[in-house]
>>> print(open('my_file36.pdb').read())   # PDB, C-alpha atoms, pLDDT in the B column
ATOM      1  CA  MET A   1      39.128  -9.279  18.553  1.00 48.00           C
ATOM      2  CA  ALA A   2      36.515  -7.614  16.393  1.00 50.00           C
ATOM      3  CA  GLU A   3      33.030  -7.662  17.834  1.00 55.00           C
ATOM      4  CA  LYS A   4      30.753 -10.076  16.015  1.00 63.00           C
ATOM      5  CA  LYS A   5      28.153  -8.188  14.026  1.00 75.00           C
ATOM      6  CA  GLU A   6      24.591  -8.923  15.069  1.00 85.00           C
ATOM      7  CA  LYS A   7      22.375 -10.415  12.383  1.00 93.00           C
ATOM      8  CA  LEU A   8      19.444  -8.483  11.081  1.00 98.00           C
ATOM      9  CA  LYS A   9      16.111  -9.696  12.422  1.00 98.00           C
ATOM     10  CA  LEU A  10      13.080 -10.046  10.182  1.00 98.00           C
ATOM     11  CA  TYR A  11       9.742 -10.260  11.960  1.00 97.00           C
ATOM     12  CA  SER A  12       7.663 -12.206   9.490  1.00 97.00           C
ATOM     13  CA  TYR A  13       4.576 -14.335   8.963  1.00 95.00           C
ATOM     14  CA  TRP A  14       4.809 -17.176   6.490  1.00 96.00           C
ATOM     15  CA  LYS A  15       1.656 -16.330   4.506  1.00 93.00           C
ATOM     16  CA  SER A  16       2.203 -12.565   4.381  1.00 94.00           C
ATOM     17  CA  SER A  17       2.956 -11.363   0.846  1.00 95.00           C
ATOM     18  CA  CYS A  18       4.485  -8.207   2.348  1.00 96.00           C
ATOM     19  CA  SER A  19       6.971 -10.346   4.297  1.00 97.00           C
ATOM     20  CA  HIS A  20       7.507 -12.468   1.186  1.00 98.00           C
ATOM     21  CA  ARG A  21       8.812  -9.410  -0.730  1.00 98.00           C
ATOM     22  CA  VAL A  22      11.358  -8.620   1.950  1.00 98.00           C
ATOM     23  CA  ARG A  23      12.566 -12.213   2.166  1.00 98.00           C
ATOM     24  CA  ILE A  24      13.321 -12.099  -1.564  1.00 98.00           C
ATOM     25  CA  ALA A  25      15.252  -8.833  -1.178  1.00 98.00           C
ATOM     26  CA  LEU A  26      17.343 -10.162   1.703  1.00 98.00           C
ATOM     27  CA  THR A  27      18.179 -13.352  -0.148  1.00 97.00           C
ATOM     28  CA  LEU A  28      18.972 -11.597  -3.431  1.00 97.00           C
ATOM     29  CA  LYS A  29      21.462  -9.399  -1.632  1.00 98.00           C
ATOM     30  CA  GLY A  30      23.017 -12.310   0.216  1.00 97.00           C
ATOM     31  CA  ILE A  31      22.189 -10.901   3.649  1.00 97.00           C
ATOM     32  CA  GLU A  32      22.075 -13.336   6.543  1.00 96.00           C
ATOM     33  CA  TYR A  33      19.185 -12.668   8.883  1.00 97.00           C
ATOM     34  CA  GLU A  34      17.283 -14.156  11.785  1.00 97.00           C
ATOM     35  CA  TYR A  35      13.693 -15.109  10.985  1.00 98.00           C
ATOM     36  CA  VAL A  36      11.369 -14.191  13.857  1.00 97.00           C
ATOM     37  CA  PRO A  37       7.872 -15.612  13.279  1.00 96.00           C
ATOM     38  CA  VAL A  38       4.913 -13.478  14.320  1.00 95.00           C
ATOM     39  CA  ASN A  39       1.616 -15.121  15.152  1.00 88.00           C
ATOM     40  CA  PRO A  40      -1.076 -12.657  14.027  1.00 80.00           C
ATOM     41  CA  LEU A  41      -3.356 -13.904  16.809  1.00 78.00           C
ATOM     42  CA  LYS A  42      -0.715 -13.473  19.545  1.00 82.00           C
ATOM     43  CA  ARG A  43       1.188 -10.333  18.706  1.00 82.00           C
ATOM     44  CA  ASP A  44       1.268  -8.371  21.963  1.00 87.00           C
ATOM     45  CA  GLU A  45       5.066  -8.513  22.148  1.00 88.00           C
ATOM     46  CA  PHE A  46       5.379  -7.602  18.485  1.00 93.00           C
ATOM     47  CA  LEU A  47       3.433  -4.374  19.078  1.00 94.00           C
ATOM     48  CA  LYS A  48       6.534  -3.101  20.860  1.00 92.00           C
ATOM     49  CA  ILE A  49       8.401  -3.493  17.562  1.00 94.00           C
ATOM     50  CA  ASN A  50       5.646  -2.156  15.315  1.00 94.00           C
ATOM     51  CA  PRO A  51       2.696  -0.467  17.055  1.00 93.00           C
ATOM     52  CA  MET A  52       0.602  -1.023  13.911  1.00 91.00           C
ATOM     53  CA  GLY A  53       0.962  -4.750  14.499  1.00 91.00           C
ATOM     54  CA  ALA A  54       1.609  -5.523  10.828  1.00 92.00           C
ATOM     55  CA  VAL A  55       4.447  -7.610   9.441  1.00 95.00           C
ATOM     56  CA  PRO A  56       7.105  -7.342   8.253  1.00 97.00           C
ATOM     57  CA  ALA A  57       9.449  -5.395  10.488  1.00 97.00           C
ATOM     58  CA  LEU A  58      13.226  -5.316  10.223  1.00 98.00           C
ATOM     59  CA  VAL A  59      15.539  -4.759  13.171  1.00 97.00           C
ATOM     60  CA  ASP A  60      19.079  -3.693  12.312  1.00 97.00           C
ATOM     61  CA  GLY A  61      20.835  -2.971  15.591  1.00 95.00           C
ATOM     62  CA  ASP A  62      19.095   0.108  16.978  1.00 95.00           C
ATOM     63  CA  VAL A  63      17.232   0.721  13.728  1.00 97.00           C
ATOM     64  CA  VAL A  64      13.677  -0.566  13.356  1.00 97.00           C
ATOM     65  CA  VAL A  65      11.971  -0.330   9.968  1.00 98.00           C
ATOM     66  CA  SER A  66       8.429  -1.474   9.283  1.00 95.00           C
ATOM     67  CA  ASP A  67       6.488  -1.563   5.996  1.00 94.00           C
ATOM     68  CA  SER A  68       7.816  -3.737   3.198  1.00 97.00           C
ATOM     69  CA  LEU A  69       8.612  -0.924   0.746  1.00 97.00           C
ATOM     70  CA  ALA A  70      10.477   1.070   3.387  1.00 98.00           C
ATOM     71  CA  ILE A  71      12.441  -2.041   4.382  1.00 98.00           C
ATOM     72  CA  ILE A  72      13.357  -2.892   0.794  1.00 98.00           C
ATOM     73  CA  MET A  73      14.514   0.659   0.035  1.00 98.00           C
ATOM     74  CA  TYR A  74      16.521   0.712   3.282  1.00 98.00           C
ATOM     75  CA  LEU A  75      18.226  -2.534   2.310  1.00 98.00           C
ATOM     76  CA  ASP A  76      18.901  -1.288  -1.208  1.00 98.00           C
ATOM     77  CA  GLU A  77      20.621   1.844   0.074  1.00 98.00           C
ATOM     78  CA  LYS A  78      22.622   0.072   2.758  1.00 98.00           C
ATOM     79  CA  TYR A  79      23.512  -2.925   0.577  1.00 97.00           C
ATOM     80  CA  PRO A  80      23.577  -1.489  -2.973  1.00 97.00           C
ATOM     81  CA  GLU A  81      24.581  -4.686  -4.794  1.00 97.00           C
ATOM     82  CA  PRO A  82      22.786  -6.008  -6.673  1.00 97.00           C
ATOM     83  CA  PRO A  83      20.705  -2.850  -7.211  1.00 98.00           C
ATOM     84  CA  LEU A  84      16.948  -3.128  -7.035  1.00 98.00           C
ATOM     85  CA  LEU A  85      16.310  -0.151  -9.299  1.00 98.00           C
ATOM     86  CA  PRO A  86      17.559   0.306 -12.877  1.00 97.00           C
ATOM     87  CA  ARG A  87      19.591   3.352 -13.902  1.00 96.00           C
ATOM     88  CA  ASP A  88      17.202   4.136 -16.758  1.00 97.00           C
ATOM     89  CA  LEU A  89      14.703   6.696 -15.432  1.00 97.00           C
ATOM     90  CA  HIS A  90      11.737   5.403 -17.415  1.00 97.00           C
ATOM     91  CA  LYS A  91      12.290   1.819 -16.273  1.00 97.00           C
ATOM     92  CA  ARG A  92      12.789   3.076 -12.734  1.00 97.00           C
ATOM     93  CA  ALA A  93       9.418   4.833 -12.898  1.00 98.00           C
ATOM     94  CA  VAL A  94       7.787   1.654 -14.232  1.00 98.00           C
ATOM     95  CA  ASN A  95       9.203  -0.262 -11.272  1.00 98.00           C
ATOM     96  CA  TYR A  96       7.696   2.261  -8.869  1.00 98.00           C
ATOM     97  CA  GLN A  97       4.353   2.088 -10.674  1.00 98.00           C
ATOM     98  CA  ALA A  98       4.237  -1.708 -10.632  1.00 98.00           C
ATOM     99  CA  ALA A  99       5.103  -1.827  -6.940  1.00 98.00           C
ATOM    100  CA  SER A 100       2.446   0.794  -6.201  1.00 98.00           C
ATOM    101  CA  ILE A 101      -0.265  -1.105  -8.056  1.00 98.00           C
ATOM    102  CA  VAL A 102       0.480  -4.149  -5.917  1.00 98.00           C
ATOM    103  CA  PHE A 103       0.882  -2.514  -2.513  1.00 96.00           C
ATOM    104  CA  SER A 104      -1.908   0.044  -2.829  1.00 95.00           C
ATOM    105  CA  GLY A 105      -4.253  -1.355  -5.474  1.00 95.00           C
ATOM    106  CA  ILE A 106      -4.332  -5.095  -4.792  1.00 96.00           C
ATOM    107  CA  GLN A 107      -2.815  -6.340  -1.557  1.00 90.00           C
ATOM    108  CA  PRO A 108      -4.819  -4.213   0.921  1.00 87.00           C
ATOM    109  CA  TYR A 109      -8.080  -5.497  -0.563  1.00 84.00           C
ATOM    110  CA  GLN A 110      -7.138  -9.174  -0.262  1.00 84.00           C
ATOM    111  CA  ASN A 111      -5.641  -8.808   3.205  1.00 80.00           C
ATOM    112  CA  THR A 112      -7.092 -11.385   5.590  1.00 79.00           C
ATOM    113  CA  PRO A 113      -8.675  -8.934   8.103  1.00 77.00           C
ATOM    114  CA  VAL A 114     -10.334  -6.993   5.278  1.00 83.00           C
ATOM    115  CA  ALA A 115     -11.583 -10.127   3.516  1.00 78.00           C
ATOM    116  CA  ARG A 116     -12.859 -11.496   6.821  1.00 82.00           C
ATOM    117  CA  TYR A 117     -14.705  -8.248   7.523  1.00 83.00           C
ATOM    118  CA  ILE A 118     -16.352  -8.324   4.078  1.00 85.00           C
ATOM    119  CA  GLU A 119     -17.476 -11.901   4.674  1.00 83.00           C
ATOM    120  CA  GLU A 120     -18.886 -11.064   8.114  1.00 88.00           C
ATOM    121  CA  LYS A 121     -20.866  -8.144   6.705  1.00 86.00           C
ATOM    122  CA  THR A 122     -22.061 -10.017   3.615  1.00 88.00           C
ATOM    123  CA  ASN A 123     -21.234 -13.642   2.813  1.00 86.00           C
ATOM    124  CA  ALA A 124     -18.447 -15.872   1.474  1.00 81.00           C
ATOM    125  CA  GLU A 125     -19.488 -15.348  -2.144  1.00 84.00           C
ATOM    126  CA  GLU A 126     -19.300 -11.561  -1.826  1.00 84.00           C
ATOM    127  CA  LYS A 127     -15.899 -11.828  -0.158  1.00 85.00           C
ATOM    128  CA  THR A 128     -14.577 -13.951  -3.026  1.00 85.00           C
ATOM    129  CA  ALA A 129     -15.982 -11.506  -5.579  1.00 88.00           C
ATOM    130  CA  TRP A 130     -14.372  -8.586  -3.704  1.00 86.00           C
ATOM    131  CA  VAL A 131     -10.932 -10.198  -3.672  1.00 90.00           C
ATOM    132  CA  ASN A 132     -11.153 -11.410  -7.278  1.00 92.00           C
ATOM    133  CA  ASN A 133     -12.182  -7.950  -8.468  1.00 93.00           C
ATOM    134  CA  ALA A 134      -9.181  -6.317  -6.776  1.00 94.00           C
ATOM    135  CA  ILE A 135      -6.743  -8.852  -8.194  1.00 96.00           C
ATOM    136  CA  THR A 136      -8.108  -8.869 -11.740  1.00 97.00           C
ATOM    137  CA  LYS A 137      -8.295  -5.076 -11.876  1.00 97.00           C
ATOM    138  CA  GLY A 138      -4.715  -4.803 -10.649  1.00 98.00           C
ATOM    139  CA  PHE A 139      -3.402  -7.548 -12.915  1.00 98.00           C
ATOM    140  CA  THR A 140      -5.040  -5.907 -15.937  1.00 98.00           C
ATOM    141  CA  ALA A 141      -3.261  -2.644 -15.087  1.00 98.00           C
ATOM    142  CA  LEU A 142       0.052  -4.443 -14.562  1.00 98.00           C
ATOM    143  CA  GLU A 143      -0.274  -6.346 -17.839  1.00 98.00           C
ATOM    144  CA  ASP A 144      -0.830  -3.077 -19.716  1.00 98.00           C
ATOM    145  CA  LEU A 145       2.048  -1.378 -17.901  1.00 98.00           C
ATOM    146  CA  LEU A 146       4.628  -4.107 -18.443  1.00 98.00           C
ATOM    147  CA  VAL A 147       3.796  -5.618 -21.832  1.00 97.00           C
ATOM    148  CA  SER A 148       6.026  -3.182 -23.743  1.00 95.00           C
ATOM    149  CA  CYS A 149       9.040  -3.219 -21.421  1.00 94.00           C
ATOM    150  CA  THR A 150       9.270  -6.731 -20.066  1.00 94.00           C
ATOM    151  CA  GLY A 151      12.205  -9.012 -20.804  1.00 96.00           C
ATOM    152  CA  LYS A 152      12.926 -12.144 -18.873  1.00 97.00           C
ATOM    153  CA  TYR A 153      11.608 -10.260 -15.858  1.00 98.00           C
ATOM    154  CA  ALA A 154       9.219  -7.347 -15.360  1.00 98.00           C
ATOM    155  CA  THR A 155      11.352  -4.528 -16.785  1.00 98.00           C
ATOM    156  CA  GLY A 156      14.118  -6.342 -18.617  1.00 97.00           C
ATOM    157  CA  ASP A 157      16.584  -9.145 -18.041  1.00 97.00           C
ATOM    158  CA  GLU A 158      17.577  -8.141 -14.515  1.00 97.00           C
ATOM    159  CA  VAL A 159      15.560  -8.537 -11.329  1.00 98.00           C
ATOM    160  CA  TYR A 160      14.353  -5.239  -9.921  1.00 98.00           C
ATOM    161  CA  LEU A 161      11.856  -3.820  -7.448  1.00 98.00           C
ATOM    162  CA  ALA A 162       8.796  -4.642  -9.551  1.00 98.00           C
ATOM    163  CA  ASP A 163       9.702  -8.331  -9.520  1.00 98.00           C
ATOM    164  CA  LEU A 164       9.869  -8.384  -5.722  1.00 98.00           C
ATOM    165  CA  PHE A 165       6.283  -7.161  -5.613  1.00 98.00           C
ATOM    166  CA  LEU A 166       4.969  -9.207  -8.516  1.00 98.00           C
ATOM    167  CA  ALA A 167       6.227 -12.627  -7.437  1.00 98.00           C
ATOM    168  CA  PRO A 168       4.436 -12.795  -4.056  1.00 98.00           C
ATOM    169  CA  GLN A 169       1.272 -11.281  -5.484  1.00 97.00           C
ATOM    170  CA  ILE A 170       1.071 -13.757  -8.351  1.00 98.00           C
ATOM    171  CA  HIS A 171       1.927 -16.631  -6.006  1.00 97.00           C
ATOM    172  CA  ALA A 172      -0.947 -15.638  -3.707  1.00 95.00           C
ATOM    173  CA  ALA A 173      -3.321 -15.121  -6.624  1.00 96.00           C
ATOM    174  CA  ILE A 174      -2.684 -18.614  -7.951  1.00 97.00           C
ATOM    175  CA  ASN A 175      -2.352 -20.577  -4.736  1.00 94.00           C
ATOM    176  CA  ARG A 176      -4.713 -18.774  -2.351  1.00 92.00           C
ATOM    177  CA  PHE A 177      -7.319 -17.292  -4.654  1.00 92.00           C
ATOM    178  CA  GLN A 178      -7.230 -19.644  -7.681  1.00 95.00           C
ATOM    179  CA  ILE A 179      -6.890 -16.807 -10.197  1.00 96.00           C
ATOM    180  CA  ASN A 180      -6.577 -17.906 -13.834  1.00 97.00           C
ATOM    181  CA  MET A 181      -3.410 -16.339 -15.260  1.00 98.00           C
ATOM    182  CA  GLU A 182      -4.303 -16.957 -18.918  1.00 97.00           C
ATOM    183  CA  PRO A 183      -5.519 -13.358 -19.471  1.00 98.00           C
ATOM    184  CA  TYR A 184      -2.177 -12.055 -18.183  1.00 98.00           C
ATOM    185  CA  PRO A 185       0.534 -13.647 -20.364  1.00 98.00           C
ATOM    186  CA  THR A 186       3.188 -11.058 -19.495  1.00 98.00           C
ATOM    187  CA  LEU A 187       2.751 -11.628 -15.775  1.00 98.00           C
ATOM    188  CA  ALA A 188       2.624 -15.397 -16.267  1.00 98.00           C
ATOM    189  CA  LYS A 189       5.891 -15.330 -18.232  1.00 98.00           C
ATOM    190  CA  CYS A 190       7.602 -13.353 -15.480  1.00 98.00           C
ATOM    191  CA  TYR A 191       6.320 -15.777 -12.872  1.00 98.00           C
ATOM    192  CA  GLU A 192       7.748 -18.731 -14.769  1.00 98.00           C
ATOM    193  CA  SER A 193      11.131 -16.974 -14.769  1.00 98.00           C
ATOM    194  CA  TYR A 194      10.954 -16.432 -11.010  1.00 98.00           C
ATOM    195  CA  ASN A 195      10.527 -20.167 -10.548  1.00 95.00           C
ATOM    196  CA  ASP A 196      14.089 -20.634 -11.844  1.00 95.00           C
ATOM    197  CA  LEU A 197      15.621 -18.307  -9.228  1.00 97.00           C
ATOM    198  CA  PRO A 198      16.642 -19.810  -5.847  1.00 97.00           C
ATOM    199  CA  ALA A 199      16.230 -16.444  -4.116  1.00 97.00           C
ATOM    200  CA  PHE A 200      12.581 -16.432  -5.122  1.00 98.00           C
ATOM    201  CA  GLN A 201      11.910 -20.109  -4.499  1.00 97.00           C
ATOM    202  CA  ASN A 202      13.482 -20.073  -1.035  1.00 97.00           C
ATOM    203  CA  ALA A 203      11.257 -17.158  -0.043  1.00 97.00           C
ATOM    204  CA  VAL A 204       7.903 -18.773  -0.859  1.00 97.00           C
ATOM    205  CA  PRO A 205       5.474 -19.084   2.056  1.00 97.00           C
ATOM    206  CA  GLU A 206       5.490 -22.885   2.105  1.00 96.00           C
ATOM    207  CA  LYS A 207       9.235 -22.984   2.857  1.00 96.00           C
ATOM    208  CA  GLN A 208       9.155 -20.688   5.903  1.00 97.00           C
ATOM    209  CA  PRO A 209       9.820 -22.098   9.391  1.00 96.00           C
ATOM    210  CA  ASP A 210       6.388 -21.056  10.699  1.00 96.00           C
ATOM    211  CA  ALA A 211       4.448 -22.560   7.764  1.00 96.00           C
ATOM    212  CA  PRO A 212       2.116 -25.411   8.729  1.00 93.00           C
ATOM    213  CA  ALA A 213       3.562 -28.804   7.879  1.00 86.00           C
ATOM    214  CA  SER A 214       0.686 -29.529   5.503  1.00 76.00           C
ATOM    215  CA  THR A 215       1.748 -26.677   3.180  1.00 67.00           C
ATOM    216  CA  SER A 216       5.349 -27.787   2.625  1.00 57.00           C
TER     217      SER A 216
END
>>> encode(input="my_file36.pdb", output="structure tokens")
Amino acid sequence: MAEKKEKLKLYSYWKSSCSHRVRIALTLKGIEYEYVPVNPLKRDEFLKINPMGAVPALVDGDVVVSDSLAIIMYLDEKYPEPPLLPRDLHKRAVNYQAASIVFSGIQPYQNTPVARYIEEKTNAEEKTAWVNNAITKGFTALEDLLVSCTGKYATGDEVYLADLFLAPQIHAAINRFQINMEPYPTLAKCYESYNDLPAFQNAVPEKQPDAPASTS
């Protein structure tokens, strides 16, 4: 009898936009996985998985991958269908740029520990201004980048890497930070399209097993 293959394990936190990206990738590719919730206030055991203590982390047998981009690229190479990068080199570069704007230009500045630190050193108003500035600056760059190449989704009519980064970021901007999307019609149009995709809707924070009941 063939040995039963062990499911992949995703160490995740419901509100984490980095985990959100990976959940979309796993679902898009039809990969069954075990969801392992990580409490950011009680993560001593998780430090054995990822010494940085940040979610997400993926365990695939003896392989441990942390960092959302690294996980997504690992999944795309191991499970190539559907592909998360287009064949066209220009569109591929745009996908990398869009992902980079989100993971290096927006998300680190709105991260809860950073925002909390800003508030402790200043006040709640300054924290809000800090987060809003990072998001609006990033969204302005994304709008300019994508306006000429968008289709139904960020870089055409197929879902690619950029969409996996955009969807969680826009979701957080609207629901956590009350950002007005009117100045960003290209991003808003993409987000509306994501709302029609089960893989995206099933990955939203409110539907995760560790989400507080009041958010579902």
>>> atom_distance(input="my_file36.pdb", atom1="atom CA of Ala173 of chain A", atom2="atom CA of Phe200 of chain A")
16.0 Å
>>> atom_distance(input="my_file36.pdb", atom1="atom CA of Leu161 of chain A", atom2="atom CA of Asp144 of chain A")
17.7 Å
>>> atom_distance(input="my_file36.pdb", atom1="atom CA of Leu84 of chain A", atom2="atom CA of Tyr96 of chain A")
10.9 Å
>>> resolve_selection(input="my_file36.pdb", expression="the PyMOL selection byres ((chain A and resi 40-48) around 12)", output="count of residues only")
27
>>> residues_around(input="my_file36.pdb", residues="His90 of chain A", least_positions_apart="3", cutoff="12 Å", atoms="only C-alpha atoms", output="PyMOL selection string")
chain A and resi 85-87+93-97+145-146+149+155
>>> closest_residue(input="my_file36.pdb", among="A:Gly61, A:Pro205, A:Gly30, A:Pro185", to="Glu143 of chain A", atoms="all atoms listed in the file")
A:Pro185
>>> closest_residue(input="my_file36.pdb", among="A:Pro198, A:Glu120, A:Cys190, A:Met181", to="Glu158 of chain A", atoms="all atoms listed in the file")
A:Cys190
>>> closest_residue(input="my_file36.pdb", among="A:Ile106, A:Leu26, A:Leu75, A:Ile179", to="Gly138 of chain A", atoms="all atoms listed in the file")
A:Ile106
>>> residues_around(input="my_file36.pdb", residues="Glu34 of chain A", least_positions_apart="4", cutoff="8 Å", atoms="all atoms listed in the file", output="list in words")
Lys7, Leu8, Lys9 and Leu10 of chain A
>>> closest_residue(input="my_file36.pdb", among="A:Asp163, A:Val102, A:Glu126, A:Pro183", to="Thr140 of chain A", atoms="all atoms listed in the file")
A:Pro183
>>> resolve_selection(input="my_file36.pdb", expression="the PyMOL selection byres ((chain A and resi 79) around 12)", output="PyMOL selection string")
chain A and resi 25-31+71-78+80-84
>>> write_last_selection(input="my_file36.pdb", atoms="C-alpha atoms", output="short mmCIF file (atom, residue, chain, number, x, y, z; two decimals), in the frame of the given file")
data_model
loop_
_atom_site.label_atom_id
_atom_site.label_comp_id
_atom_site.auth_asym_id
_atom_site.auth_seq_id
_atom_site.Cartn_x
_atom_site.Cartn_y
_atom_site.Cartn_z
CA ALA A 25 15.25 -8.83 -1.18
CA LEU A 26 17.34 -10.16 1.70
CA THR A 27 18.18 -13.35 -0.15
CA LEU A 28 18.97 -11.60 -3.43
CA LYS A 29 21.46 -9.40 -1.63
CA GLY A 30 23.02 -12.31 0.22
CA ILE A 31 22.19 -10.90 3.65
CA ILE A 71 12.44 -2.04 4.38
CA ILE A 72 13.36 -2.89 0.79
CA MET A 73 14.51 0.66 0.04
CA TYR A 74 16.52 0.71 3.28
CA LEU A 75 18.23 -2.53 2.31
CA ASP A 76 18.90 -1.29 -1.21
CA GLU A 77 20.62 1.84 0.07
CA LYS A 78 22.62 0.07 2.76
CA PRO A 80 23.58 -1.49 -2.97
CA GLU A 81 24.58 -4.69 -4.79
CA PRO A 82 22.79 -6.01 -6.67
CA PRO A 83 20.70 -2.85 -7.21
CA LEU A 84 16.95 -3.13 -7.04
#
>>> residues_around(input="my_file36.pdb", residues="Ala172 of chain A", least_positions_apart="4", cutoff="12 Å", atoms="only C-alpha atoms", output="PyMOL selection string")
chain A and resi 14-18+20-21+102+106-107+110-112+131-132+135+165-168+176-181+191+204-206
>>> axis_aligned_box(input="my_file36.pdb", around="segment 175-189 of chain A", padding_each_side="3 Å", output="lines of an AutoDock Vina configuration file")
center_x = -0.7
center_y = -15.8
center_z = -11.4
size_x = 19.2
size_y = 15.5
size_z = 24.0
>>> closest_residue(input="my_file36.pdb", among="A:Leu142, A:Ala98, A:Leu164, A:Ala115", to="Trp130 of chain A", atoms="only C-alpha atoms")
A:Ala115
>>> closest_residue(input="my_file36.pdb", among="A:Gln201, A:Gln208, A:Asn123, A:Asn133", to="Ile24 of chain A", atoms="only C-alpha atoms")
A:Gln201
>>> decode(input="my_file36.pdb", residues="segment 20-47 of chain A", atoms="C-alpha atoms", output="PDB file, in the first residue's frame")
ATOM      1  CA  HIS A  20      -3.466  35.899   3.296  1.00  0.00           C
ATOM      2  CA  ARG A  21      -1.346  35.903   0.098  1.00  0.00           C
ATOM      3  CA  VAL A  22      -0.183  32.354   0.676  1.00  0.00           C
ATOM      4  CA  ARG A  23      -3.688  31.098   1.423  1.00  0.00           C
ATOM      5  CA  ILE A  24      -4.801  32.430  -1.965  1.00  0.00           C
ATOM      6  CA  ALA A  25      -1.893  30.694  -3.719  1.00  0.00           C
ATOM      7  CA  LEU A  26      -2.601  27.355  -2.050  1.00  0.00           C
ATOM      8  CA  THR A  27      -6.284  27.518  -2.891  1.00  0.00           C
ATOM      9  CA  LEU A  28      -5.724  28.637  -6.486  1.00  0.00           C
ATOM     10  CA  LYS A  29      -3.487  25.646  -7.046  1.00  0.00           C
ATOM     11  CA  GLY A  30      -5.914  23.256  -5.403  1.00  0.00           C
ATOM     12  CA  ILE A  31      -3.441  22.192  -2.717  1.00  0.00           C
ATOM     13  CA  GLU A  32      -4.860  20.680   0.448  1.00  0.00           C
ATOM     14  CA  TYR A  33      -3.104  21.918   3.556  1.00  0.00           C
ATOM     15  CA  GLU A  34      -3.361  21.952   7.322  1.00  0.00           C
ATOM     16  CA  TYR A  35      -3.964  25.389   8.824  1.00  0.00           C
ATOM     17  CA  VAL A  36      -1.899  25.875  11.985  1.00  0.00           C
ATOM     18  CA  PRO A  37      -2.891  29.102  13.771  1.00  0.00           C
ATOM     19  CA  VAL A  38      -0.128  31.132  15.394  1.00  0.00           C
ATOM     20  CA  ASN A  39      -0.939  33.437  18.275  1.00  0.00           C
ATOM     21  CA  PRO A  40       1.450  36.395  17.931  1.00  0.00           C
ATOM     22  CA  LEU A  41       1.441  36.820  21.714  1.00  0.00           C
ATOM     23  CA  LYS A  42       2.268  33.148  22.407  1.00  0.00           C
ATOM     24  CA  ARG A  43       4.697  32.079  19.734  1.00  0.00           C
ATOM     25  CA  ASP A  44       7.503  30.356  21.635  1.00  0.00           C
ATOM     26  CA  GLU A  45       6.860  27.030  19.901  1.00  0.00           C
ATOM     27  CA  PHE A  46       6.582  28.728  16.527  1.00  0.00           C
ATOM     28  CA  LEU A  47      10.093  30.172  16.919  1.00  0.00           C
TER      29      LEU A  47
END
